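Pasted below: model_37.txt, compact mmCIF, C-alpha atoms.
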```
# COMPACT_ATOMS: atom_id res chain seq x y z
CA ALA A 1 140.52 120.88 54.94
CA GLN A 2 138.64 124.07 55.64
CA LYS A 3 139.87 126.62 58.09
CA VAL A 4 138.95 130.13 59.19
CA THR A 5 141.44 132.35 60.99
CA GLN A 6 140.51 135.49 62.87
CA ALA A 7 143.88 136.59 64.14
CA GLN A 8 142.57 139.51 66.17
CA THR A 9 141.32 138.18 69.49
CA GLU A 10 140.25 141.55 70.89
CA ILE A 11 140.11 145.05 69.49
CA SER A 12 139.42 148.18 71.47
CA VAL A 13 138.50 151.48 69.79
CA VAL A 14 137.03 154.80 70.76
CA GLU A 15 133.61 155.71 69.46
CA LYS A 16 133.60 157.16 65.92
CA GLU A 17 136.81 155.39 64.96
CA ASP A 18 136.80 153.07 61.97
CA VAL A 19 137.74 149.47 62.66
CA THR A 20 138.51 146.51 60.42
CA LEU A 21 138.09 142.90 61.49
CA ASP A 22 140.22 140.45 59.57
CA CYS A 23 139.19 137.04 58.31
CA VAL A 24 141.40 134.63 56.36
CA TYR A 25 140.02 131.36 55.09
CA GLU A 26 141.36 128.17 53.59
CA THR A 27 139.56 125.83 51.24
CA ARG A 28 140.31 123.85 48.10
CA ASP A 29 136.74 124.06 46.88
CA THR A 30 135.96 126.49 44.10
CA THR A 31 132.40 127.01 45.31
CA TYR A 32 132.01 128.19 48.87
CA TYR A 33 130.18 130.67 51.05
CA LEU A 34 131.51 133.14 53.56
CA PHE A 35 129.53 134.64 56.42
CA TRP A 36 129.85 137.20 59.17
CA TYR A 37 127.83 136.98 62.37
CA LYS A 38 127.56 139.32 65.33
CA GLN A 39 127.14 138.09 68.89
CA PRO A 40 126.21 140.97 71.23
CA PRO A 41 126.55 140.63 75.01
CA SER A 42 123.02 139.22 75.15
CA GLY A 43 124.39 136.08 73.48
CA GLU A 44 122.31 135.58 70.37
CA LEU A 45 123.93 135.19 66.95
CA VAL A 46 122.91 137.77 64.38
CA PHE A 47 123.51 137.15 60.69
CA LEU A 48 125.24 140.07 58.96
CA ILE A 49 126.22 138.95 55.47
CA ARG A 50 126.69 135.99 53.13
CA ARG A 51 129.04 136.08 50.16
CA ASN A 52 129.38 133.46 47.42
CA SER A 53 132.81 132.55 46.08
CA PHE A 54 131.98 133.66 42.57
CA ASP A 55 130.87 137.14 43.64
CA GLU A 56 133.85 139.29 44.59
CA GLN A 57 131.95 142.54 44.68
CA ASN A 58 132.45 144.46 47.87
CA GLU A 59 129.34 145.30 49.79
CA ILE A 60 128.30 148.25 51.89
CA SER A 61 125.37 148.31 54.27
CA GLY A 62 125.13 151.53 56.22
CA ARG A 63 128.24 151.77 58.40
CA TYR A 64 129.25 148.20 57.56
CA SER A 65 131.33 147.18 54.58
CA TRP A 66 132.95 143.95 53.49
CA ASN A 67 136.01 143.41 51.34
CA PHE A 68 136.23 139.99 49.69
CA GLN A 69 139.53 139.15 47.99
CA LYS A 70 139.96 135.65 46.60
CA SER A 71 143.60 136.35 45.72
CA THR A 72 144.46 136.64 49.41
CA SER A 73 141.64 134.38 50.72
CA SER A 74 140.36 137.18 52.88
CA PHE A 75 136.92 138.49 53.76
CA ASN A 76 137.44 141.53 55.96
CA PHE A 77 134.75 143.50 57.72
CA THR A 78 134.94 147.24 58.35
CA ILE A 79 132.77 149.28 60.67
CA THR A 80 132.87 153.00 59.90
CA ALA A 81 132.32 155.53 62.69
CA SER A 82 131.96 152.84 65.33
CA GLN A 83 129.35 153.12 68.05
CA VAL A 84 129.09 151.63 71.53
CA VAL A 85 126.29 149.37 70.26
CA ASP A 86 128.82 147.74 67.92
CA SER A 87 130.53 146.17 70.93
CA ALA A 88 130.20 142.44 70.39
CA VAL A 89 132.00 139.31 69.29
CA TYR A 90 132.15 138.98 65.53
CA PHE A 91 132.50 135.61 63.83
CA CYS A 92 133.60 134.86 60.31
CA ALA A 93 132.47 131.50 58.90
CA LEU A 94 133.06 129.35 55.83
CA ARG A 95 130.88 126.74 54.18
CA ALA A 96 132.53 124.62 51.48
CA GLY A 97 132.17 121.17 50.01
CA GLY A 98 128.77 120.49 51.49
CA PHE A 99 126.75 121.71 54.39
CA LYS A 100 129.34 121.89 57.18
CA THR A 101 130.10 125.42 58.31
CA ILE A 102 133.42 126.22 59.96
CA PHE A 103 133.62 129.22 62.26
CA GLY A 104 136.59 131.30 63.23
CA ALA A 105 137.38 131.82 66.90
CA GLY A 106 135.85 135.27 66.83
CA THR A 107 137.05 138.82 67.44
CA ARG A 108 135.78 140.67 70.48
CA LEU A 109 135.25 144.36 69.72
CA PHE A 110 135.08 146.93 72.50
CA VAL A 111 133.87 150.38 71.52
CA LYS A 112 134.42 152.96 74.26
CA ALA A 113 132.31 156.08 74.55
CA ASN M 114 107.12 133.08 62.74
CA ALA M 115 108.84 132.17 65.98
CA GLY M 116 112.03 131.32 64.05
CA VAL M 117 114.34 128.87 65.81
CA THR M 118 113.43 128.07 69.40
CA GLN M 119 115.49 126.20 71.97
CA THR M 120 114.61 124.80 75.36
CA PRO M 121 115.72 124.95 78.08
CA LYS M 122 117.62 128.23 78.28
CA PHE M 123 119.77 127.01 81.12
CA GLN M 124 120.40 123.58 82.63
CA VAL M 125 122.58 122.14 85.36
CA LEU M 126 123.40 118.44 85.23
CA LYS M 127 125.44 116.07 87.33
CA THR M 128 128.09 113.94 85.70
CA GLY M 129 126.50 110.84 84.21
CA GLN M 130 123.02 112.24 83.84
CA SER M 131 121.32 112.29 80.47
CA MET M 132 119.16 114.97 78.96
CA THR M 133 117.73 116.23 75.68
CA LEU M 134 118.12 119.75 74.35
CA GLN M 135 115.14 120.69 72.24
CA CYS M 136 115.25 122.66 68.99
CA ALA M 137 112.35 123.58 66.75
CA GLN M 138 111.88 125.83 63.73
CA ASP M 139 108.75 126.96 61.95
CA MET M 140 110.31 128.19 58.71
CA ASN M 141 110.13 124.85 56.86
CA HIS M 142 113.91 124.74 56.63
CA GLU M 143 115.46 121.50 55.42
CA TYR M 144 118.84 122.00 57.05
CA MET M 145 119.29 121.97 60.82
CA SER M 146 122.42 121.75 62.92
CA TRP M 147 123.78 121.84 66.44
CA TYR M 148 126.85 123.78 67.53
CA ARG M 149 128.64 124.22 70.79
CA GLN M 150 130.41 127.43 71.73
CA ASP M 151 133.37 127.38 74.06
CA PRO M 152 135.51 130.38 75.06
CA GLY M 153 138.16 131.20 72.47
CA MET M 154 137.05 128.44 70.09
CA GLY M 155 134.16 129.91 68.18
CA LEU M 156 131.35 127.57 67.25
CA ARG M 157 131.98 123.92 66.49
CA LEU M 158 129.54 121.72 64.62
CA ILE M 159 128.27 118.71 66.57
CA HIS M 160 125.68 117.12 64.26
CA TYR M 161 123.62 118.26 61.36
CA SER M 162 120.65 117.14 59.26
CA VAL M 163 119.80 117.85 55.64
CA GLY M 164 116.23 116.65 55.98
CA ALA M 165 113.85 114.48 57.97
CA GLY M 166 115.37 111.07 58.59
CA ILE M 167 118.89 112.16 57.58
CA THR M 168 121.62 113.10 60.05
CA ASP M 169 125.40 113.26 59.97
CA GLN M 170 128.32 114.01 62.25
CA GLY M 171 130.12 117.30 62.49
CA GLU M 172 133.47 118.18 64.07
CA VAL M 173 132.75 117.12 67.65
CA PRO M 174 130.02 114.44 67.69
CA ASN M 175 131.25 112.22 70.53
CA GLY M 176 128.90 112.01 73.49
CA TYR M 177 125.91 113.36 71.55
CA ASN M 178 123.06 111.78 69.60
CA VAL M 179 120.53 113.34 67.27
CA SER M 180 117.47 112.31 65.31
CA ARG M 181 115.26 114.10 62.82
CA SER M 182 111.82 112.55 62.69
CA THR M 183 110.12 115.74 61.47
CA THR M 184 111.22 118.77 59.49
CA GLU M 185 110.49 121.04 62.45
CA ASP M 186 112.35 119.33 65.30
CA PHE M 187 115.98 118.40 65.84
CA PRO M 188 116.68 117.31 69.44
CA LEU M 189 120.20 116.82 70.78
CA ARG M 190 120.70 114.09 73.35
CA LEU M 191 123.50 113.89 75.86
CA LEU M 192 123.78 110.24 76.80
CA SER M 193 126.01 110.55 79.88
CA ALA M 194 126.94 114.14 80.67
CA ALA M 195 130.57 114.99 81.39
CA PRO M 196 132.10 118.25 82.67
CA SER M 197 133.74 118.68 79.25
CA GLN M 198 130.26 119.17 77.82
CA THR M 199 129.76 122.35 79.79
CA SER M 200 129.14 124.84 77.02
CA VAL M 201 126.61 126.99 75.25
CA TYR M 202 124.66 125.07 72.63
CA PHE M 203 123.17 126.68 69.56
CA CYS M 204 120.72 125.19 67.12
CA ALA M 205 120.52 126.59 63.60
CA SER M 206 118.42 126.07 60.49
CA SER M 207 118.53 127.14 56.87
CA TYR M 208 116.92 126.61 53.48
CA ARG M 209 118.36 124.04 51.15
CA GLN M 210 118.51 126.28 48.10
CA TRP M 211 122.07 127.46 47.51
CA ASP M 212 121.13 131.11 47.24
CA GLN M 213 119.28 131.03 50.54
CA GLU M 214 121.83 129.13 52.60
CA THR M 215 121.91 131.49 55.53
CA GLN M 216 121.73 129.90 58.93
CA TYR M 217 119.32 131.28 61.50
CA PHE M 218 120.33 130.58 65.06
CA GLY M 219 118.29 129.91 68.14
CA PRO M 220 118.91 131.83 71.38
CA GLY M 221 121.15 129.11 72.83
CA THR M 222 121.08 126.73 75.79
CA ARG M 223 123.66 127.22 78.52
CA LEU M 224 124.63 123.85 80.02
CA LEU M 225 126.66 123.33 83.18
CA VAL M 226 127.80 119.82 84.04
CA LEU M 227 129.05 119.38 87.58
```
Can you present the structure in this file as structure tokens?
Amino acid sequence: AQKVTQAQTEISVVEKEDVTLDCVYETRDTTYYLFWYKQPPSGELVFLIRRNSFDEQNEISGRYSWNFQKSTSSFNFTITASQVVDSAVYFCALRAGGFKTIFGAGTRLFVKA
Amino acid sequence: NAGVTQTPKFQVLKTGQSMTLQCAQDMNHEYMSWYRQDPGMGLRLIHYSVGAGITDQGEVPNGYNVSRSTTEDFPLRLLSAAPSQTSVYFCASSYRQWDQETQYFGPGTRLLVL
């Protein structure tokens, strides 16, 4: 069975701090996809990144970076120099063994000015 | 492109009423799916479709029906609404090709069942 665990329910930081959101996944499939989505207070879901299971390269996009480690089944997301606009709920998701996508419960990030 | 559109944005129903949540996409995506979002539980897959005429159940399909008569549309029907179906519903679509399997989400429909 597939499972995604986001153990951090809420995180609160002060602007300009770095913050890491944890994501641990479970799957027996060797081919799978991992995703991160952002849900700002307005409610829409914004795609941030997709990572394939055979590509363990870390990725950096501006202030965002992702660390994918198959050995620990983790796909963590770091925001460098956080800003108030980063305040949102962040979801990690897993697609394996077909089309079904399993989402974690989400981590709510508060960035205070 | 309008992307993924959902109507209505907000709906109030009484227990036992039926209704259809509409979802449409103009990106020629083969895959479409419906999720519900409840506090503290993330998004859970209700039903999905890999192409016109093909649908399958997700994690929480009970109380919902879907059909996919065209590539563009994927309506979700609540047969007899219950308070437990109070939630925010998201429709999503994606390409079929493995290297383009990124889901694009609609703006959501907030449903309240009294």
Response to the item:
Atom pair atom CA of A:Val84 + atom CA of A:Lys112, distance 6.1 Å
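We find atom CA of A:Pro40 and atom CA of A:Ala88 to be spaced 4.3 Å apart.
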Dump as a Markdown table the rows for residues of chain M within 6 Å of chain A: closest atom pair and distance in Å with one decimal, all atoms listed in the file counted, ordered by chain and rising residue number.
```
| residue | atom | partner | partner_atom | distance |
| --- | --- | --- | --- | --- |
| M:Gly153 | CA | A:Ala105 | CA | 5.7 |
| M:Met154 | CA | A:Ala105 | CA | 4.7 |
| M:Gly155 | CA | A:Ala105 | CA | 4.0 |
| M:Leu156 | CA | A:Phe103 | CA | 5.7 |
| M:Pro220 | CA | A:Glu44 | CA | 5.2 |
```
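Relative to atom CA of M:Asp151, atom CA of M:Lys127 is found at 19.2 Å.
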Discussion item. Just want the 10 Å neighbourhood of M:Thr184, counted on only C-alpha atoms, with same-chain residues fewer than 5 positions away dropped. Output as an MDAnalysis selection string.
Written reply: chainID M and resid 137:145 162:166
Discussion item. From the options A:Val4, A:Leu94, A:Val14, A:Val24, which residue's atoms come nearest to A:Asn67, counting only C-alpha atoms?
Written reply: A:Val24
Taking (121.2, 128.8, 81.9) in the coordinates of the supplied file, I want to know which residues reach to within 7 Å of it, counting only C-alpha atoms; could you give the answer as a PDB file with C-alpha atoms, in the frame of the given file?
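This is the output file part-v5.pdb:
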```
ATOM      1  CA  LYS M 122     117.620 128.230  78.280  1.00  0.00           C
ATOM      2  CA  PHE M 123     119.770 127.010  81.120  1.00  0.00           C
ATOM      3  CA  GLN M 124     120.400 123.580  82.630  1.00  0.00           C
ATOM      4  CA  THR M 222     121.080 126.730  75.790  1.00  0.00           C
ATOM      5  CA  ARG M 223     123.660 127.220  78.520  1.00  0.00           C
ATOM      6  CA  LEU M 224     124.630 123.850  80.020  1.00  0.00           C
TER       7      LEU M 224
END
```
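Minimum atom-to-atom distances from M:Pro196, M:Ile159, M:Thr120, M:Pro152 to M:Pro174 were compared using all atoms listed in the file, and the lowest value belongs to M:Ile159.
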Item to complete: Pick out the residues sitting within 8 Å of stretch 60-63 of chain A, and hand them over as a ChimeraX atom specification; count only C-alpha atoms, and ignore anything fewer than 3 positions along from it in its own chain.
Response: /A:66,79-82
Using C-alpha atoms, can you write the selected residues to a file as a PDB file, in the coordinates of the input?
```pdb
ATOM      1  CA  TRP A  66     132.950 143.950  53.490  1.00  0.00           C
ATOM      2  CA  ILE A  79     132.770 149.280  60.670  1.00  0.00           C
ATOM      3  CA  THR A  80     132.870 153.000  59.900  1.00  0.00           C
ATOM      4  CA  ALA A  81     132.320 155.530  62.690  1.00  0.00           C
ATOM      5  CA  SER A  82     131.960 152.840  65.330  1.00  0.00           C
TER       6      SER A  82
END
```
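Minimum atom-to-atom distance to A:Asp22, evaluated using all atoms listed in the file, belongs to A:Thr78 out of A:Lys70, A:Val111, A:Thr78, A:Lys38.
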Worksheet entry | Contact residues around M:Leu189 with all atoms listed in the file at 6 Å, ignoring same-chain residues under 2 positions, as number ranges by chain | M: 133-134, 178-179
